[in-house]
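Text of input-v3.txt (compact mmCIF, C-alpha atoms) as supplied:
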```
# COMPACT_ATOMS: atom_id res chain seq x y z
CA SER A 27 -0.76 10.59 15.05
CA LYS A 28 0.70 7.44 16.58
CA VAL A 29 4.08 5.76 16.55
CA GLY A 30 4.49 2.01 16.20
CA GLN A 31 8.14 1.18 16.82
CA ARG A 32 9.79 2.56 13.66
CA HIS A 33 6.54 3.39 11.85
CA LEU A 34 4.79 6.77 12.16
CA PHE A 35 1.07 6.93 11.29
CA LEU A 36 -0.30 10.41 10.60
CA ASP A 37 -4.07 10.89 10.70
CA THR A 38 -4.47 13.36 7.84
CA PRO A 39 -7.66 15.16 9.03
CA SER A 40 -6.15 15.86 12.47
CA PHE A 41 -3.40 17.90 10.79
CA ALA A 42 -5.80 19.86 8.59
CA THR A 43 -7.24 23.34 9.03
CA GLY A 44 -9.65 24.91 6.57
CA GLY A 45 -9.13 22.14 4.03
CA CYS A 46 -5.34 22.39 4.16
CA PHE A 47 -3.04 19.67 5.55
CA ARG A 48 0.12 21.09 7.17
CA PHE A 49 3.23 19.06 7.84
CA SER A 50 6.95 19.49 8.52
CA MET A 51 9.47 16.66 8.25
CA ARG A 52 11.62 18.19 10.97
CA TRP A 53 9.55 17.14 13.94
CA ILE A 54 9.63 13.41 13.09
CA PRO A 55 10.90 11.46 16.13
CA ASP A 56 14.32 9.83 15.99
CA GLY A 57 14.33 6.22 14.82
CA ILE A 58 11.33 6.53 12.48
CA GLU A 59 11.92 4.71 9.18
CA GLU A 60 8.39 4.54 7.74
CA ILE A 61 5.63 7.16 7.43
CA SER A 62 1.98 6.55 6.54
CA PHE A 63 -0.48 9.36 5.87
CA ILE A 64 -3.86 7.79 6.66
CA ASN A 65 -7.60 8.54 6.58
CA PRO A 66 -8.05 10.67 3.43
CA HIS A 67 -10.91 13.16 3.64
CA PRO A 68 -12.58 14.88 0.66
CA SER A 69 -12.62 18.25 2.44
CA ILE A 70 -8.81 18.36 2.37
CA THR A 71 -7.85 19.83 -1.00
CA SER A 72 -4.31 21.07 -0.42
CA ALA A 73 -1.18 19.96 1.39
CA GLU A 74 1.15 22.57 2.83
CA PHE A 75 4.68 21.52 3.69
CA MET A 76 6.92 23.80 5.71
CA GLU A 77 10.49 23.87 6.91
CA LEU A 78 11.22 25.27 10.33
CA PHE A 79 13.96 27.85 10.67
CA LEU A 80 17.43 26.51 11.47
CA ASP A 81 20.17 28.00 13.59
CA ASP A 82 22.75 29.96 11.61
CA GLU A 83 25.31 27.18 12.10
CA GLU A 84 23.14 24.52 10.48
CA SER A 85 22.74 23.92 6.76
CA ASP A 86 20.11 22.20 4.61
CA GLU A 87 22.95 20.72 2.56
CA ASP A 88 23.66 18.16 5.30
CA LEU A 89 20.10 17.61 6.46
CA GLU A 90 18.88 14.04 5.83
CA PHE A 91 15.88 11.99 6.95
CA PRO A 92 16.40 8.18 7.26
CA ILE A 93 12.93 7.39 5.89
CA SER A 94 12.84 4.19 3.82
CA LYS A 95 9.09 3.89 3.16
CA ILE A 96 6.30 6.45 2.65
CA ASP A 97 2.59 5.74 2.12
CA LEU A 98 0.67 8.79 0.87
CA ILE A 99 -2.86 7.33 0.63
CA GLY A 100 -4.07 9.84 3.22
CA LEU A 101 -3.34 12.66 0.78
CA SER A 102 -5.35 11.17 -2.11
CA SER A 103 -7.95 13.96 -2.07
CA ILE A 104 -5.55 16.88 -2.42
CA THR A 105 -5.34 18.94 -5.61
CA THR A 106 -2.42 21.23 -4.70
CA ILE A 107 0.92 20.78 -2.95
CA LYS A 108 2.25 24.09 -1.73
CA GLU A 109 4.57 25.66 0.80
CA ARG A 110 3.66 27.80 3.76
CA TYR A 111 6.68 30.07 3.36
CA ARG A 112 8.12 30.89 -0.06
CA ASN A 113 11.06 28.61 -0.97
CA CYS A 114 10.62 26.62 2.26
CA GLY A 115 8.53 23.70 1.01
CA ASN A 116 10.81 20.81 0.06
CA PHE A 117 8.03 18.21 -0.11
CA LEU A 118 9.63 14.95 1.15
CA ALA A 119 13.11 16.24 0.31
CA ASN A 120 16.33 14.74 1.67
CA CYS A 121 14.88 11.27 2.33
CA SER A 122 18.25 9.65 1.76
CA SER A 123 17.14 6.06 2.56
CA LEU A 124 14.07 6.08 0.31
CA THR A 125 14.59 3.68 -2.62
CA SER A 126 11.08 3.56 -4.12
CA LEU A 127 7.92 5.63 -3.95
CA ASP A 128 4.40 5.20 -5.33
CA LEU A 129 2.71 8.54 -6.04
CA THR A 130 -0.17 7.11 -8.07
CA CYS A 131 -2.62 7.85 -5.25
CA LEU A 132 -2.02 11.59 -5.84
CA SER A 133 -3.99 11.50 -9.08
CA ASN A 134 -6.09 14.58 -8.21
CA ILE A 135 -3.16 16.98 -8.04
CA THR A 136 -3.26 19.82 -10.55
CA LYS A 137 -0.38 21.97 -9.29
CA ILE A 138 2.85 21.33 -7.38
CA ASP A 139 3.57 24.76 -5.94
CA SER A 140 6.31 23.64 -3.58
CA ALA A 141 10.01 24.03 -4.29
CA GLY A 142 12.18 20.94 -3.83
CA PHE A 143 9.62 18.21 -4.57
CA LEU A 144 11.54 14.99 -3.63
CA LYS A 145 14.82 16.91 -3.84
CA LYS A 146 18.02 15.04 -2.93
CA CYS A 147 16.47 11.62 -2.35
CA SER A 148 19.84 10.16 -3.18
CA SER A 149 18.86 6.44 -3.00
CA LEU A 150 15.64 6.69 -4.99
CA THR A 151 15.65 4.26 -7.92
CA SER A 152 11.93 3.71 -8.58
CA LEU A 153 9.16 6.31 -8.81
CA ASP A 154 5.58 5.74 -9.98
CA LEU A 155 3.64 8.83 -11.07
CA ASN A 156 0.01 9.48 -11.97
CA PHE A 157 0.05 13.19 -12.67
CA ASN A 158 -2.34 13.46 -15.60
CA LYS A 159 -3.96 16.58 -14.11
CA VAL A 160 -0.74 18.40 -13.19
CA THR A 161 -0.16 21.56 -15.22
CA GLU A 162 2.66 23.17 -13.25
CA ILE A 163 5.66 21.96 -11.22
CA ARG A 164 7.83 24.39 -9.24
CA CYS A 165 11.62 24.37 -9.08
CA SER A 166 13.97 21.50 -8.13
CA PHE A 167 11.64 18.63 -9.01
CA LEU A 168 13.70 15.48 -8.25
CA TYR A 169 16.86 17.59 -8.09
CA ARG A 170 19.98 15.53 -7.27
CA CYS A 171 18.23 12.16 -7.18
CA SER A 172 21.54 10.63 -8.16
CA ALA A 173 20.47 6.94 -8.07
CA LEU A 174 17.52 7.35 -10.42
CA THR A 175 18.30 5.52 -13.69
CA SER A 176 14.96 5.88 -15.49
CA LEU A 177 11.65 7.67 -15.11
CA ASP A 178 8.30 7.37 -16.88
CA LEU A 179 6.96 10.88 -17.58
CA THR A 180 3.95 9.68 -19.60
CA SER A 181 1.41 10.95 -17.06
CA LEU A 182 2.77 14.51 -17.34
CA ASN A 183 0.98 14.98 -20.65
CA ASN A 184 -0.90 18.07 -19.42
CA LEU A 185 2.14 19.78 -17.92
CA THR A 186 2.60 23.33 -19.27
CA LYS A 187 5.24 24.84 -16.98
CA THR A 188 8.34 23.60 -15.13
CA GLY A 189 10.46 25.52 -12.67
CA ASP A 190 14.25 25.70 -12.53
CA CYS A 191 16.37 22.54 -12.11
CA PHE A 192 13.74 20.10 -13.39
CA LEU A 193 15.45 16.69 -12.97
CA SER A 194 18.77 18.47 -12.68
CA SER A 195 21.86 16.55 -11.44
CA CYS A 196 20.28 13.11 -11.83
CA SER A 197 23.67 11.72 -12.72
CA SER A 198 22.58 8.05 -13.12
CA LEU A 199 19.68 8.79 -15.48
CA THR A 200 20.53 6.94 -18.70
CA SER A 201 17.37 7.44 -20.77
CA LEU A 202 14.32 9.68 -20.72
CA ASP A 203 11.34 9.97 -23.09
CA LEU A 204 10.12 13.58 -23.23
CA THR A 205 7.43 13.14 -25.89
CA SER A 206 4.64 13.40 -23.33
CA LEU A 207 5.79 16.93 -22.46
CA ASN A 208 4.55 18.34 -25.75
CA ASN A 209 2.22 20.80 -23.98
CA VAL A 210 5.03 22.48 -22.04
CA THR A 211 5.33 26.15 -23.02
CA GLU A 212 7.58 27.42 -20.22
CA ILE A 213 10.77 25.75 -18.98
CA GLY A 214 12.93 27.04 -16.13
CA ASP A 215 16.71 27.27 -16.08
CA CYS A 216 18.95 24.20 -15.78
CA PHE A 217 16.39 21.81 -17.29
CA LEU A 218 18.02 18.33 -17.14
CA SER A 219 21.39 19.93 -16.46
CA ARG A 220 24.26 17.77 -15.16
CA CYS A 221 22.54 14.53 -16.14
CA SER A 222 25.89 13.20 -17.24
CA SER A 223 24.72 9.65 -18.10
CA LEU A 224 22.01 10.69 -20.55
CA THR A 225 22.84 9.73 -24.13
```
Using the file provided, produce a representation of the structure as structure tokens.
Amino acid sequence: SKVGQRHLFLDTPSFATGGCFRFSMRWIPDGIEEISFINPHPSITSAEFMELFLDDEESDEDLEFPISKIDLIGLSSITTIKERYRNCGNFLANCSSLTSLDLTCLSNITKIDSAGFLKKCSSLTSLDLNFNKVTEIRCSFLYRCSALTSLDLTSLNNLTKTGDCFLSSCSSLTSLDLTSLNNVTEIGDCFLSRCSSLT
């Protein structure tokens, strides 16, 4: 990896072992505002995100990362996003300064087995997906993304299972087309709960 002023470049293969890329947001140096995952490699088929243990006095509720831009091209070969420790994944969660994100490069993903995928990205207003191969998404997908006003779910046409709190507490979401989710057979608790602006 290398740091260029406020930009952190992560060489994806150098963080990979046995075809699995491992990464934790918590070791990012202070002052970093942009992250780029670079140098995709076909041997890397999964990404494993982990949270380090906190002291008893600290709480995830107040944890925020001032990241305003993320480039995920280095993860374009992965098929699975997972977590190293159960319920400790939180893939790119709490990025409170992130306003837009392009996930179209993650078109090979078939399963998001990480809780808290983009959870509590409170400034996120634009999200581009290309998840045509995804069949399952774990709990808290986009949970409490309170600035999100709309979302195109068209590419989730092969999704069969969602975890708890799918798009829950997205209080600015005003419209949502769910017709592409016609293959979903299992829905977790609190699906679209507390989306108070939906009509």
> Which value, in Å to one decimal, gives the distance between CA of Ser198 in chain A and CA of Leu174 in chain A?
Replying inline: 5.8 Å
>> Could you check the closest approach to Ser172 in chain A for each of A:Ser133, A:Gln31, A:Thr43, A:Ser122 and tell me which residue wins, using all atoms listed in the file?
In response: A:Ser122
Would you kindly return, as a compact mmCIF listing (two decimals) with C-alpha atoms, keeping the file's coordinate frame, each protein, DNA or RNA residue with an atom no farther than 9 Å from any atom of Ile54 in chain A, considering all atoms listed in the file and excluding same-chain residues fewer than 4 positions away?
```txt
# COMPACT_ATOMS: atom_id res chain seq x y z
CA LEU A 34 4.79 6.77 12.16
CA SER A 50 6.95 19.49 8.52
CA ILE A 58 11.33 6.53 12.48
CA PHE A 91 15.88 11.99 6.95
```
>> Taking only C-alpha atoms into account, name the residue in A:Ser140, A:Ser176, A:Thr186, A:Ser102 that is nearest to Asn156 in chain A.
In response: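 Under the stated criterion, the closest residue is A:Ser102.
Distance-wise, CA of Leu36 in chain A and CA of Leu150 in chain A end up 22.6 Å apart.
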> What does the distance between CA of Ser195 in chain A and CA of Arg52 in chain A come to in Å, to one decimal place?
Replying inline: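 So the answer is 24.7 Å.
Comparing the minimum interatomic distances between Ile70 in chain A and each of A:Ser40, A:Ser94, A:Thr125, A:Ser181, counting only C-alpha atoms, we find that A:Ser40 sits nearest.
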>> Could you check which residues have any atom within 12 Å of (14.0, 24.2, -10.4), counting only C-alpha atoms with coordinates taken straight from the file, and then list them as an NGL selection string?
In response: :A and (113 or 116 or 138-145 or 162-170 or 187-195 or 213-219)
> Near Asn134 in chain A, within 12 Å and counting all atoms listed in the file, which residues show up once chain neighbours fewer than 6 positions away are dropped, as a list of chain:residue names?
Replying inline: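 Those residues are A:Pro68, A:Ile70, A:Thr71, A:Ser72, A:Ile99, A:Leu101, A:Ser102, A:Ser103, A:Ile104, A:Thr105, A:Thr106, A:Ile107, A:Leu155, A:Asn156, A:Phe157, A:Asn158, A:Lys159, A:Val160, A:Thr161.
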